[in-house]
Amino acid sequence: MTTLLLTHPDCMDHVTPPGHPEQVARLEETERALSAPDFGGLLREKAPLAAEGDLALCHPRAYVEAVRNAAPEQGWTALDADTHMSPGSWQAALRGVGANLRAVDQVLGGAAQNAFCAVRPPGHHAETAKPMGFCLFGNVAIAARHALKRHGLSRVAIVDFDVHHGNGTQDLLWKEERVLFVSSHQMPLYPGTGAANETGAHGNILNVPLDPGSDGTVFRAVYEKRILPRLDAFAPELVLISAGFDAHAADPLAQLMLCEEDFAWLTHRLCDVADCHCEGRIVSTLEGGYDLKALAASVAAHVAVLMERGA
């Protein structure tokens, strides 16, 4: 068994305006980090294109068509103050969803122990019919529905450790009792959702807000005391990760104080959950992380643990 890395050059063609934090360089730095000799054992695949029917697992057809039609022939289109499309954004978004679907297929089919999707645009802020926070489609939520509907699973867990609350994933899966969505995030912070009393239609959502300035000690304690026991009790058949690395102390958009070792620690602990309940099956996908050096180092730490545990 091994770790699968899914990415595609099309994800570089999602070009944002100058100075935008969600920039092409994020993926360039991620790919540079994962090209080091230590990652030579990765099983590498180019992400396929998702079909519009795949997007319909979470998003209404009218919304999908609106996003497709919003892509400009040149320059940028602003979907909101933070979220833009360029001529290559539609194709990039389909690769992002496609990477997640392929990763689920390969991990559940036994071709890989676990997987990491190095894609952009990210997905966890995209709501049912609303692009937000740099995101167009709910990559991870769609992957969860794919595992449920097309692979016949009955319990999928999503862990989102991005510094921003995954409001999109929460919105898309609010009524989905077969998915446990867990989010640790800074509060107060964009997008303003993620209070502890937001628990989903079936008690299937666990939000754990963290105060600005919280460090690795606080972060680890929250997972040990609240999140990991909840995951164990749920006994998932697949673990999906929204891997945002903007909780790093160097990140310019937030004020949590984590380091690469904290992300590696959490990856180990999530692998423990997966080993216990679902034969180690994990699919992780890139969300945020906007200091390029910290992002590259954090991704490397995360994927190194996936490789170690997937060997």
# chains A, B, ... in the order shown; residues from 1 in each chain; ligands from 1
>>> select_by_dssp(residues="region 91-306 of chain A", states="strand (DSSP E)", output="VMD selection string")
chain A and resid 114 to 117 156 to 160 179 to 186 205 to 210 238 to 243 282 to 286
>>> closest_atom_pairs(of="region 101-136 of chain A", to="region 36-42 of chain A", cutoff="12 Å", atoms="only C-alpha atoms", output="CSV")
residue,atom,partner,partner_atom,distance
A:Ala112,CA,A:Leu42,CA,9.9
A:Gln113,CA,A:Leu42,CA,11.2
A:Asn114,CA,A:Leu42,CA,10.5
A:Ala115,CA,A:Leu42,CA,9.4
A:Phe116,CA,A:Leu42,CA,9.9
>>> atom_distance(atom1="CA of His165 (chain A)", atom2="CA of His185 (chain A)")
5.4 Å
>>> residues_around(residues="Ala201 (chain A)", least_positions_apart="4", cutoff="8 Å", atoms="only C-alpha atoms", output="ChimeraX atom specification")
/A:174-177
>>> atom_distance(atom1="CA of Val208 (chain A)", atom2="CA of Ala196 (chain A)")
6.0 Å
>>> closest_atom_pairs(of="region 60-145 of chain A", to="region 238-251 of chain A", cutoff="9 Å", atoms="only C-alpha atoms", output="CSV")
residue,atom,partner,partner_atom,distance
A:Val104,CA,A:Leu238,CA,8.8
A:Leu108,CA,A:Leu238,CA,8.2
A:Gly123,CA,A:Ser242,CA,8.7
A:His124,CA,A:Ser242,CA,7.4
A:Val140,CA,A:Ser242,CA,6.9
A:Ala143,CA,A:Leu240,CA,8.3
A:Ala144,CA,A:Leu240,CA,7.6
>>> residues_around(residues="Pro131 (chain A)", least_positions_apart="4", cutoff="8 Å", atoms="only C-alpha atoms", output="ChimeraX atom specification")
/A:79-80,83,125-127,135-137
>>> write_last_selection(atoms="C-alpha atoms", output="short mmCIF file (atom, residue, chain, number, x, y, z; two decimals), in the first residue's frame")
data_model
loop_
_atom_site.label_atom_id
_atom_site.label_comp_id
_atom_site.auth_asym_id
_atom_site.auth_seq_id
_atom_site.Cartn_x
_atom_site.Cartn_y
_atom_site.Cartn_z
CA LEU A 79 -18.08 36.45 -7.88
CA ASP A 80 -17.81 38.24 -4.55
CA THR A 83 -13.74 34.96 -4.98
CA HIS A 125 -16.37 27.76 1.90
CA ALA A 126 -18.56 27.03 -1.16
CA GLU A 127 -22.17 26.73 -0.03
CA CYS A 135 -14.10 28.53 -3.25
CA LEU A 136 -16.41 27.49 -6.11
CA PHE A 137 -17.49 23.91 -5.28
#
>>> closest_residue(among="A:Ala62, A:Ala78, A:Val182, A:Cys11", to="Arg226 (chain A)", atoms="only C-alpha atoms")
A:Val182
>>> atom_distance(atom1="CA of His59 (chain A)", atom2="CA of Gln186 (chain A)")
27.0 Å
>>> residues_around(residues="Pro72 (chain A)", least_positions_apart="5", cutoff="8 Å", atoms="only C-alpha atoms", output="list in words")
Thr77, Met85, Ser86 and Pro87 of chain A
>>> residues_around(residues="Val64 (chain A)", least_positions_apart="6", cutoff="8 Å", atoms="only C-alpha atoms", output="PyMOL selection string")
chain A and resi 52+55-56
>>> write_last_selection(atoms="N, CA and C atoms", output="PDB file, in the first residue's frame")
ATOM      1  N   GLU A  52     -20.299  17.302 -14.674  1.00  0.00           N
ATOM      2  CA  GLU A  52     -21.272  18.163 -14.016  1.00  0.00           C
ATOM      3  C   GLU A  52     -22.230  17.344 -13.147  1.00  0.00           C
ATOM      4  N   LEU A  55     -20.844  17.209  -9.670  1.00  0.00           N
ATOM      5  CA  LEU A  55     -21.109  18.421  -8.897  1.00  0.00           C
ATOM      6  C   LEU A  55     -22.526  18.397  -8.332  1.00  0.00           C
ATOM      7  N   ALA A  56     -23.434  17.740  -9.060  1.00  0.00           N
ATOM      8  CA  ALA A  56     -24.829  17.672  -8.630  1.00  0.00           C
ATOM      9  C   ALA A  56     -25.025  16.832  -7.380  1.00  0.00           C
TER      10      ALA A  56
END
>>> closest_residue(among="A:Ala51, A:Leu173, A:Cys276, A:Ala81", to="Ala233 (chain A)", atoms="only C-alpha atoms")
A:Cys276
>>> residues_around(residues="Leu4 (chain A)", least_positions_apart="6", cutoff="12 Å", atoms="only C-alpha atoms", output="PyMOL selection string")
chain A and resi 34+39-47+99-100+102-107+110-118+281-285+303-304+306-307+310-311
>>> write_last_selection(atoms="N, CA and C atoms", output="mmCIF file, in the first residue's frame")
data_model
loop_
_atom_site.group_PDB
_atom_site.id
_atom_site.type_symbol
_atom_site.label_atom_id
_atom_site.label_comp_id
_atom_site.auth_asym_id
_atom_site.auth_seq_id
_atom_site.Cartn_x
_atom_site.Cartn_y
_atom_site.Cartn_z
ATOM 1 N N LEU A 34 6.886 18.688 -2.528
ATOM 2 C CA LEU A 34 6.617 17.261 -2.708
ATOM 3 C C LEU A 34 7.448 16.633 -3.826
ATOM 4 N N PHE A 39 9.944 12.256 -1.026
ATOM 5 C CA PHE A 39 8.598 11.958 -1.506
ATOM 6 C C PHE A 39 8.617 11.154 -2.800
ATOM 7 N N GLY A 40 9.747 10.553 -3.079
ATOM 8 C CA GLY A 40 9.863 9.744 -4.286
ATOM 9 C C GLY A 40 8.960 8.527 -4.287
ATOM 10 N N GLY A 41 8.519 8.086 -3.110
ATOM 11 C CA GLY A 41 7.673 6.906 -3.024
ATOM 12 C C GLY A 41 6.198 7.165 -3.250
ATOM 13 N N LEU A 42 5.824 8.425 -3.477
ATOM 14 C CA LEU A 42 4.421 8.725 -3.737
ATOM 15 C C LEU A 42 3.960 8.107 -5.051
ATOM 16 N N LEU A 43 2.754 7.588 -5.044
ATOM 17 C CA LEU A 43 2.086 7.187 -6.273
ATOM 18 C C LEU A 43 1.421 8.438 -6.830
ATOM 19 N N ARG A 44 1.834 8.855 -8.016
ATOM 20 C CA ARG A 44 1.378 10.141 -8.563
ATOM 21 C C ARG A 44 0.436 9.919 -9.738
ATOM 22 N N GLU A 45 -0.688 10.653 -9.717
ATOM 23 C CA GLU A 45 -1.646 10.621 -10.819
ATOM 24 C C GLU A 45 -2.107 12.043 -11.127
ATOM 25 N N LYS A 46 -2.415 12.290 -12.397
ATOM 26 C CA LYS A 46 -3.055 13.541 -12.762
ATOM 27 C C LYS A 46 -4.547 13.449 -12.461
ATOM 28 N N ALA A 47 -5.055 14.477 -11.852
ATOM 29 C CA ALA A 47 -6.466 14.476 -11.474
ATOM 30 C C ALA A 47 -7.349 14.471 -12.712
ATOM 31 N N ALA A 99 -10.133 15.210 -8.582
ATOM 32 C CA ALA A 99 -9.073 14.637 -7.760
ATOM 33 C C ALA A 99 -9.646 13.953 -6.536
ATOM 34 N N ASN A 100 -10.598 14.600 -5.888
ATOM 35 C CA ASN A 100 -11.196 14.025 -4.686
ATOM 36 C C ASN A 100 -11.982 12.754 -4.990
ATOM 37 N N ARG A 102 -11.500 10.675 -7.556
ATOM 38 C CA ARG A 102 -10.531 9.634 -7.899
ATOM 39 C C ARG A 102 -9.825 9.112 -6.653
ATOM 40 N N ALA A 103 -9.471 10.010 -5.744
ATOM 41 C CA ALA A 103 -8.810 9.588 -4.515
ATOM 42 C C ALA A 103 -9.696 8.654 -3.707
ATOM 43 N N VAL A 104 -10.978 8.987 -3.581
ATOM 44 C CA VAL A 104 -11.911 8.110 -2.869
ATOM 45 C C VAL A 104 -11.992 6.752 -3.556
ATOM 46 N N ASP A 105 -12.092 6.765 -4.889
ATOM 47 C CA ASP A 105 -12.163 5.503 -5.627
ATOM 48 C C ASP A 105 -10.937 4.633 -5.380
ATOM 49 N N GLN A 106 -9.764 5.250 -5.440
ATOM 50 C CA GLN A 106 -8.518 4.492 -5.311
ATOM 51 C C GLN A 106 -8.301 3.980 -3.894
ATOM 52 N N VAL A 107 -8.643 4.795 -2.919
ATOM 53 C CA VAL A 107 -8.454 4.370 -1.528
ATOM 54 C C VAL A 107 -9.475 3.293 -1.153
ATOM 55 N N GLY A 110 -8.629 -0.021 -2.752
ATOM 56 C CA GLY A 110 -7.431 -0.708 -2.295
ATOM 57 C C GLY A 110 -6.180 -0.440 -3.093
ATOM 58 N N ALA A 111 -6.228 0.480 -4.065
ATOM 59 C CA ALA A 111 -5.040 0.795 -4.849
ATOM 60 C C ALA A 111 -4.061 1.670 -4.090
ATOM 61 N N ALA A 112 -4.546 2.375 -3.066
ATOM 62 C CA ALA A 112 -3.702 3.209 -2.207
ATOM 63 C C ALA A 112 -4.262 3.143 -0.798
ATOM 64 N N GLN A 113 -3.383 3.308 0.183
ATOM 65 C CA GLN A 113 -3.826 3.327 1.575
ATOM 66 C C GLN A 113 -4.500 4.651 1.910
ATOM 67 N N ASN A 114 -3.896 5.725 1.434
ATOM 68 C CA ASN A 114 -4.430 7.060 1.677
ATOM 69 C C ASN A 114 -4.041 7.955 0.509
ATOM 70 N N ALA A 115 -4.531 9.199 0.513
ATOM 71 C CA ALA A 115 -4.299 10.078 -0.630
ATOM 72 C C ALA A 115 -4.266 11.521 -0.183
ATOM 73 N N PHE A 116 -3.525 12.327 -0.957
ATOM 74 C CA PHE A 116 -3.514 13.777 -0.775
ATOM 75 C C PHE A 116 -3.786 14.433 -2.116
ATOM 76 N N CYS A 117 -4.735 15.359 -2.140
ATOM 77 C CA CYS A 117 -5.100 16.083 -3.350
ATOM 78 C C CYS A 117 -4.529 17.497 -3.274
ATOM 79 N N ALA A 118 -3.515 17.763 -4.084
ATOM 80 C CA ALA A 118 -2.889 19.088 -4.143
ATOM 81 C C ALA A 118 -3.566 19.862 -5.265
ATOM 82 N N ARG A 281 -8.054 4.135 5.914
ATOM 83 C CA ARG A 281 -8.445 4.819 4.685
ATOM 84 C C ARG A 281 -8.702 6.307 4.941
ATOM 85 N N ILE A 282 -7.853 7.132 4.328
ATOM 86 C CA ILE A 282 -7.923 8.585 4.485
ATOM 87 C C ILE A 282 -7.747 9.241 3.121
ATOM 88 N N VAL A 283 -8.556 10.263 2.853
ATOM 89 C CA VAL A 283 -8.348 11.150 1.705
ATOM 90 C C VAL A 283 -8.277 12.573 2.239
ATOM 91 N N SER A 284 -7.162 13.242 1.967
ATOM 92 C CA SER A 284 -6.928 14.610 2.420
ATOM 93 C C SER A 284 -6.834 15.532 1.214
ATOM 94 N N THR A 285 -7.340 16.736 1.352
ATOM 95 C CA THR A 285 -7.255 17.693 0.246
ATOM 96 C C THR A 285 -6.872 19.071 0.759
ATOM 97 N N VAL A 303 2.070 15.181 4.516
ATOM 98 C CA VAL A 303 2.167 14.077 3.562
ATOM 99 C C VAL A 303 3.205 13.051 4.022
ATOM 100 N N ALA A 304 4.270 13.507 4.679
ATOM 101 C CA ALA A 304 5.260 12.560 5.188
ATOM 102 C C ALA A 304 4.631 11.578 6.175
ATOM 103 N N LEU A 306 1.378 10.744 6.220
ATOM 104 C CA LEU A 306 0.517 9.858 5.430
ATOM 105 C C LEU A 306 1.325 8.746 4.788
ATOM 106 N N MET A 307 2.507 9.082 4.269
ATOM 107 C CA MET A 307 3.365 8.066 3.647
ATOM 108 C C MET A 307 3.861 7.056 4.674
ATOM 109 N N GLY A 310 0.979 4.925 5.640
ATOM 110 C CA GLY A 310 0.432 4.152 4.545
ATOM 111 C C GLY A 310 1.347 3.098 3.998
ATOM 112 N N ALA A 311 2.568 3.035 4.533
ATOM 113 C CA ALA A 311 3.562 2.102 3.997
ATOM 114 C C ALA A 311 3.174 0.651 4.324
#
